[in-house]
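Inspection log for the structure reproduced underneath, given as structure tokens.
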Amino acid sequence: MNSEFIQALRDLEREKGINADVLLEAIEAALISAYKKNFGSLQNVRVDIQRDTGEIKVLAQRQVVEEVTDPRQEIALAEARALNSNYELGDIVEKEVTPRDFGRIAAQTAKQVVVQRIREAERGMIYEEFIGRENDLVTGVVQRQEGKNVILDLGRAEAILLPSEQSPAETYRQGERLKAYVLEVRKTNKGPQILVSRTHPGLIKRLFELEVPEIHDGIVEVKGVAREPGARSKIAVHSRDEKVDPVGSCVGPRGSRVQAVVQELRGEKVDIIKWSDDPAVYVANSLSPARVLDVTVDEENKVSQVIVPDNQLSLAIGKEGQNARLAARITGWKIDIKPESEAGDWDDWEADLNLDGGLEEE
């Protein structure tokens, strides 16, 4: 080694953020093992690398004792004082034992240590980058499939799309770009393991944040998302500004914003509903696109009874109960839907609610 090697480590420190002194200490520790392995030494040794010139010395260490039992590890006090009169019992006497051809071994060992530390540092930086992106979106390219897992190339790292996080309505082709929701970032010996999802409700929220400036700016707030991946989703939104229509903002001009989300989700339908702090209003809105006539609520048990026109019953329930199921999920209320013909006495109804999307007073 020489001063150019030391300078290279300093350059590496600036470029990769790896402390040069820490690297040198790691090289010294590795050289001790290399010395003992290649030269069969049972001595205690210390490797010293000069921080300015890069010169390497191997120093055998022996402890000063009164009576020597192992001459490879110990030295008598009298012998030590013959070398230096200041030695006392318990001191360590060092003697250089650097082999003639140790430079070649040192260069190979140093290269291995540096490469390993660079890999570790890069893995650490990638981990720190992506651990801060949990619950966020990433854009990747489908690189390959490993069994049923889909591997996405994120540029500096790879992400794993597990079968349980793949939408049943989607197929993934090599080279295809897609967005995914970061579920978890794990630190492993082989580097960070990034798990992503195409089914998580958070994907819907993040996609709307990308497409709707009012959400990104905090004017419109996403209050809830319910999703059946590949089929249908509902997103509840609320505006902090009375002058801004939260539903209209998410739909966009000629439906451009919601269509961008639907396109990214490969055709999954998305219902945008207006959130309300009035449970009856919120439940009624959640059943969109069905028209609701009346809602009565039991707030203690979080149970609601909804009346819809007879011709809207199937729309309110949805295919295989999907619309009602998503409405219950996004509101957190149990919803009992009845047609108008089975509603009973209309005079007892409280039909004075002002509901966006269709409550009518009879």
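Here's how to read the names in the structure tokens: chain A, B, ... by the order shown, residue numbers from 1 in each chain, ligand numbers from 1 in the order shown.
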Quick one: residues within 10 Å of region 328-343 of chain A, only C-alpha atoms, excluding same-chain residues fewer than 2 positions away - as a PyMOL selection string? chain A and resi 223-227+233-236+275-276+279+282-287+292-299+301-314+316-317+322-326+345-346+349
Residues at most 8 Å from Leu154 (chain A), counting only C-alpha atoms, excluding those fewer than 2 positions away in the same chain, as a VMD selection string? chain A and resid 138 to 141 152 156 to 159
Leaving out Gln193 (chain A) and any residue of its chain fewer than 4 positions from it, which residues lie within 9 Å of it when counting only C-alpha atoms, given as a PyMOL selection string? chain A and resi 127+157-160+184-188
Writer output for current selection, N, CA, C and O atoms, as a short mmCIF file (atom, residue, chain, number, x, y, z; two decimals), in the first residue's frame:
data_model
loop_
_atom_site.label_atom_id
_atom_site.label_comp_id
_atom_site.auth_asym_id
_atom_site.auth_seq_id
_atom_site.Cartn_x
_atom_site.Cartn_y
_atom_site.Cartn_z
N TYR A 127 -31.50 1.40 2.27
CA TYR A 127 -32.46 1.13 3.34
C TYR A 127 -32.99 2.44 3.92
O TYR A 127 -34.20 2.61 4.10
N ALA A 157 -32.86 -0.19 -6.29
CA ALA A 157 -33.24 -1.36 -5.51
C ALA A 157 -34.33 -2.13 -6.24
O ALA A 157 -34.86 -1.68 -7.25
N GLU A 158 -34.63 -3.32 -5.71
CA GLU A 158 -35.72 -4.14 -6.23
C GLU A 158 -36.80 -4.25 -5.18
O GLU A 158 -36.53 -4.23 -3.97
N ALA A 159 -38.04 -4.37 -5.62
CA ALA A 159 -39.17 -4.55 -4.73
C ALA A 159 -39.88 -5.86 -5.07
O ALA A 159 -39.86 -6.30 -6.22
N ILE A 160 -40.50 -6.45 -4.06
CA ILE A 160 -41.19 -7.73 -4.23
C ILE A 160 -42.69 -7.51 -4.13
O ILE A 160 -43.18 -6.96 -3.13
N GLU A 184 -43.69 -2.40 3.46
CA GLU A 184 -42.70 -2.61 4.51
C GLU A 184 -41.30 -2.65 3.89
O GLU A 184 -41.12 -3.13 2.77
N VAL A 185 -40.34 -2.14 4.64
CA VAL A 185 -38.93 -2.21 4.24
C VAL A 185 -38.19 -2.94 5.35
O VAL A 185 -38.15 -2.47 6.49
N ARG A 186 -37.61 -4.09 5.02
CA ARG A 186 -36.90 -4.90 6.02
C ARG A 186 -35.40 -4.84 5.76
O ARG A 186 -34.95 -4.86 4.62
N LYS A 187 -34.63 -4.83 6.85
CA LYS A 187 -33.17 -4.87 6.74
C LYS A 187 -32.72 -6.32 6.82
O LYS A 187 -33.00 -7.01 7.80
N THR A 188 -32.04 -6.81 5.78
CA THR A 188 -31.55 -8.18 5.76
C THR A 188 -30.06 -8.19 5.44
O THR A 188 -29.48 -7.16 5.07
#
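Within region 262-298 of chain A, the backbone-based DSSP assignment of helix (DSSP H, G or I) covers Val262, Gln263, Glu264, Pro279, Ala280, Val281, Tyr282, Val283, Ala284, Asn285 and Ser286 of chain A.
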The selected residues should be written to file as a PDB file, in the first residue's frame (atoms: N, CA and C atoms).
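Output saved as part-v3.pdb:
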ATOM      1  N   VAL A 262     -58.224   5.343 -12.483  1.00  0.00           N
ATOM      2  CA  VAL A 262     -58.823   4.100 -12.977  1.00  0.00           C
ATOM      3  C   VAL A 262     -57.894   3.413 -13.983  1.00  0.00           C
ATOM      4  N   GLN A 263     -57.260   4.203 -14.820  1.00  0.00           N
ATOM      5  CA  GLN A 263     -56.332   3.634 -15.806  1.00  0.00           C
ATOM      6  C   GLN A 263     -55.144   2.960 -15.118  1.00  0.00           C
ATOM      7  N   GLU A 264     -54.602   3.595 -14.079  1.00  0.00           N
ATOM      8  CA  GLU A 264     -53.491   2.996 -13.343  1.00  0.00           C
ATOM      9  C   GLU A 264     -53.925   1.710 -12.647  1.00  0.00           C
ATOM     10  N   PRO A 279     -73.742  10.938  10.557  1.00  0.00           N
ATOM     11  CA  PRO A 279     -73.724   9.525  10.147  1.00  0.00           C
ATOM     12  C   PRO A 279     -74.768   9.187   9.097  1.00  0.00           C
ATOM     13  N   ALA A 280     -75.984   9.750   9.230  1.00  0.00           N
ATOM     14  CA  ALA A 280     -77.046   9.438   8.275  1.00  0.00           C
ATOM     15  C   ALA A 280     -76.686   9.931   6.876  1.00  0.00           C
ATOM     16  N   VAL A 281     -76.141  11.118   6.809  1.00  0.00           N
ATOM     17  CA  VAL A 281     -75.738  11.678   5.515  1.00  0.00           C
ATOM     18  C   VAL A 281     -74.595  10.863   4.916  1.00  0.00           C
ATOM     19  N   TYR A 282     -73.652  10.522   5.770  1.00  0.00           N
ATOM     20  CA  TYR A 282     -72.486   9.769   5.293  1.00  0.00           C
ATOM     21  C   TYR A 282     -72.892   8.387   4.774  1.00  0.00           C
ATOM     22  N   VAL A 283     -73.773   7.714   5.502  1.00  0.00           N
ATOM     23  CA  VAL A 283     -74.238   6.397   5.065  1.00  0.00           C
ATOM     24  C   VAL A 283     -74.949   6.502   3.728  1.00  0.00           C
ATOM     25  N   ALA A 284     -75.824   7.526   3.597  1.00  0.00           N
ATOM     26  CA  ALA A 284     -76.558   7.702   2.342  1.00  0.00           C
ATOM     27  C   ALA A 284     -75.599   7.966   1.182  1.00  0.00           C
ATOM     28  N   ASN A 285     -74.621   8.830   1.408  1.00  0.00           N
ATOM     29  CA  ASN A 285     -73.658   9.135   0.357  1.00  0.00           C
ATOM     30  C   ASN A 285     -72.823   7.910  -0.021  1.00  0.00           C
ATOM     31  N   SER A 286     -72.546   7.061   0.970  1.00  0.00           N
ATOM     32  CA  SER A 286     -71.674   5.910   0.733  1.00  0.00           C
ATOM     33  C   SER A 286     -72.298   4.890  -0.215  1.00  0.00           C
TER      34      SER A 286
END
Report as an MDAnalysis selection string all protein, DNA and RNA residues lying within 12 Å of Glu120 (chain A), evaluated on only C-alpha atoms, omitting residues in the same chain fewer than 6 positions from it. chainID A and resid 16:18 23 113:114 126:127 187:192
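Here CA of Thr53 (chain A) is placed at a distance of 22.5 Å from CA of Ile118 (chain A).
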Can you tell me which residues surround Val115 (chain A) at a distance of at most 12 Å, considering only C-alpha atoms, apart from same-chain residues fewer than 3 positions away, and format the answer as an NGL selection string? :A and (9 or 12 or 16 or 18 or 23 or 26-27 or 108-112 or 118-122)
For the selection you just gave me, I'd like the residues written to a file as a CSV table (one decimal), in the first residue's frame, keeping all heavy atoms.
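Dumped to result-v5.csv:
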chain,number,residue,atom,x,y,z
A,9,LEU,N,-9.0,6.1,-0.4
A,9,LEU,CA,-9.9,5.9,0.7
A,9,LEU,C,-10.6,7.2,1.1
A,9,LEU,O,-11.8,7.3,1.4
A,9,LEU,CB,-9.2,5.3,1.9
A,9,LEU,CG,-8.7,3.9,1.8
A,9,LEU,CD1,-8.2,3.4,3.1
A,9,LEU,CD2,-9.8,2.9,1.3
A,12,LEU,N,-13.1,8.0,-1.4
A,12,LEU,CA,-14.3,7.2,-1.2
A,12,LEU,C,-15.1,7.7,0.0
A,12,LEU,O,-16.4,7.6,-0.1
A,12,LEU,CB,-13.8,5.8,-0.9
A,12,LEU,CG,-14.8,4.6,-1.0
A,12,LEU,CD1,-15.4,4.5,-2.4
A,12,LEU,CD2,-14.2,3.3,-0.5
A,16,LYS,N,-18.9,8.2,-1.0
A,16,LYS,CA,-19.9,7.2,-0.5
A,16,LYS,C,-20.3,7.4,1.0
A,16,LYS,O,-21.2,6.8,1.5
A,16,LYS,CB,-19.2,5.8,-0.6
A,16,LYS,CG,-18.9,5.4,-2.0
A,16,LYS,CD,-20.1,5.1,-2.8
A,16,LYS,CE,-19.7,4.5,-4.2
A,16,LYS,NZ,-20.9,4.2,-5.0
A,18,ILE,N,-18.4,6.8,3.5
A,18,ILE,CA,-17.8,5.8,4.3
A,18,ILE,C,-16.5,6.3,5.0
A,18,ILE,O,-15.6,6.8,4.3
A,18,ILE,CB,-17.4,4.5,3.5
A,18,ILE,CG1,-18.6,4.1,2.7
A,18,ILE,CG2,-16.9,3.4,4.4
A,18,ILE,CD1,-18.2,3.0,1.7
A,23,LEU,N,-12.6,2.4,7.7
A,23,LEU,CA,-12.2,1.4,6.7
A,23,LEU,C,-10.8,0.9,7.1
A,23,LEU,O,-10.5,-0.3,7.0
A,23,LEU,CB,-12.2,2.1,5.3
A,23,LEU,CG,-13.4,1.9,4.4
A,23,LEU,CD1,-13.2,2.7,3.1
A,23,LEU,CD2,-13.7,0.5,4.2
A,26,ALA,N,-10.9,-1.6,9.8
A,26,ALA,CA,-11.4,-2.8,9.3
A,26,ALA,C,-10.4,-3.6,8.5
A,26,ALA,O,-10.3,-4.8,8.7
A,26,ALA,CB,-12.7,-2.6,8.5
A,27,ILE,N,-9.6,-2.9,7.8
A,27,ILE,CA,-8.5,-3.5,7.0
A,27,ILE,C,-7.4,-4.1,7.9
A,27,ILE,O,-6.9,-5.2,7.7
A,27,ILE,CB,-7.9,-2.5,6.0
A,27,ILE,CG1,-8.9,-2.1,4.9
A,27,ILE,CG2,-6.6,-3.1,5.3
A,27,ILE,CD1,-8.4,-1.0,4.0
A,108,GLN,N,-4.7,-7.7,-1.6
A,108,GLN,CA,-5.9,-8.5,-1.8
A,108,GLN,C,-6.9,-8.4,-0.7
A,108,GLN,O,-8.1,-8.2,-0.9
A,108,GLN,CB,-5.5,-10.0,-1.9
A,108,GLN,CG,-4.7,-10.3,-3.2
A,108,GLN,CD,-4.2,-11.7,-3.2
A,108,GLN,OE1,-4.2,-12.4,-2.2
A,108,GLN,NE2,-3.7,-12.1,-4.4
A,109,THR,N,-6.4,-8.4,0.6
A,109,THR,CA,-7.3,-8.3,1.7
A,109,THR,C,-7.9,-6.9,1.8
A,109,THR,O,-9.2,-6.8,2.0
A,109,THR,CB,-6.5,-8.5,3.0
A,109,THR,OG1,-5.8,-9.8,3.0
A,109,THR,CG2,-7.4,-8.5,4.2
A,110,ALA,N,-7.2,-5.9,1.5
A,110,ALA,CA,-7.7,-4.5,1.6
A,110,ALA,C,-8.8,-4.4,0.5
A,110,ALA,O,-9.9,-3.8,0.8
A,110,ALA,CB,-6.6,-3.5,1.3
A,111,LYS,N,-8.6,-4.9,-0.7
A,111,LYS,CA,-9.6,-4.9,-1.7
A,111,LYS,C,-10.9,-5.5,-1.3
A,111,LYS,O,-12.0,-5.0,-1.5
A,111,LYS,CB,-9.1,-5.5,-3.0
A,111,LYS,CG,-10.1,-5.5,-4.2
A,111,LYS,CD,-9.5,-6.1,-5.4
A,111,LYS,CE,-10.6,-6.1,-6.5
A,111,LYS,NZ,-10.0,-6.8,-7.8
A,112,GLN,N,-10.8,-6.7,-0.7
A,112,GLN,CA,-12.0,-7.4,-0.3
A,112,GLN,C,-12.8,-6.6,0.8
A,112,GLN,O,-14.0,-6.5,0.8
A,112,GLN,CB,-11.6,-8.8,0.3
A,112,GLN,CG,-11.1,-9.8,-0.8
A,112,GLN,CD,-10.5,-11.0,-0.2
A,112,GLN,OE1,-10.4,-11.1,1.1
A,112,GLN,NE2,-10.1,-11.9,-1.0
A,118,ILE,N,-18.2,-1.1,1.0
A,118,ILE,CA,-18.9,-0.3,0.0
A,118,ILE,C,-20.3,-0.9,-0.2
A,118,ILE,O,-21.3,-0.1,-0.2
A,118,ILE,CB,-18.2,-0.2,-1.3
A,118,ILE,CG1,-16.9,0.7,-1.2
A,118,ILE,CG2,-19.1,0.4,-2.4
A,118,ILE,CD1,-16.1,0.7,-2.4
A,119,ARG,N,-20.4,-2.2,-0.3
A,119,ARG,CA,-21.7,-2.8,-0.5
A,119,ARG,C,-22.6,-2.6,0.7
A,119,ARG,O,-23.7,-2.3,0.6
A,119,ARG,CB,-21.5,-4.3,-0.7
A,119,ARG,CG,-20.9,-4.7,-2.1
A,119,ARG,CD,-20.7,-6.2,-2.1
A,119,ARG,NE,-20.1,-6.6,-3.4
A,119,ARG,CZ,-19.6,-7.8,-3.7
A,119,ARG,NH1,-19.5,-8.7,-2.7
A,119,ARG,NH2,-19.1,-8.0,-4.9
A,120,GLU,N,-22.0,-2.7,1.9
A,120,GLU,CA,-22.7,-2.5,3.2
A,120,GLU,C,-23.2,-1.1,3.2
A,120,GLU,O,-24.4,-0.8,3.6
A,120,GLU,CB,-21.9,-2.8,4.4
A,120,GLU,CG,-21.6,-4.3,4.5
A,120,GLU,CD,-20.6,-4.6,5.7
A,120,GLU,OE1,-20.1,-3.6,6.3
A,120,GLU,OE2,-20.3,-5.8,5.9
A,121,ALA,N,-22.4,-0.1,2.9
A,121,ALA,CA,-22.7,1.3,2.9
A,121,ALA,C,-23.9,1.6,1.9
A,121,ALA,O,-24.8,2.3,2.3
A,121,ALA,CB,-21.5,2.2,2.6
A,122,GLU,N,-23.8,1.0,0.7
A,122,GLU,CA,-24.8,1.3,-0.3
A,122,GLU,C,-26.1,0.6,0.2
A,122,GLU,O,-27.2,1.2,0.0
A,122,GLU,CB,-24.4,0.7,-1.6
A,122,GLU,CG,-23.2,1.5,-2.3
A,122,GLU,CD,-22.8,0.9,-3.6
A,122,GLU,OE1,-23.0,-0.3,-3.8
A,122,GLU,OE2,-22.1,1.7,-4.4
For the structure I just gave you, how does DSSP split region 131-231 of chain A - specifically, which residues are strand (DSSP E or B)? Reply as a PyMOL selection string. chain A and resi 137-146+149-153+158-161+177-188+191-197+220-228
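The interatomic distance for the pair CA of Phe5 (chain A) and CA of Arg104 (chain A) works out to 13.8 Å.
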Of the candidates A:Arg257, A:Glu55, A:Glu25, A:Lys37, which one gets nearest to Glu4 (chain A) if we count only C-alpha atoms? A:Glu55
Hey, which of A:Ala8, A:Leu31, A:Cys250, A:Leu161 ends up closest to His200 (chain A)? Count only C-alpha atoms. A:Leu161
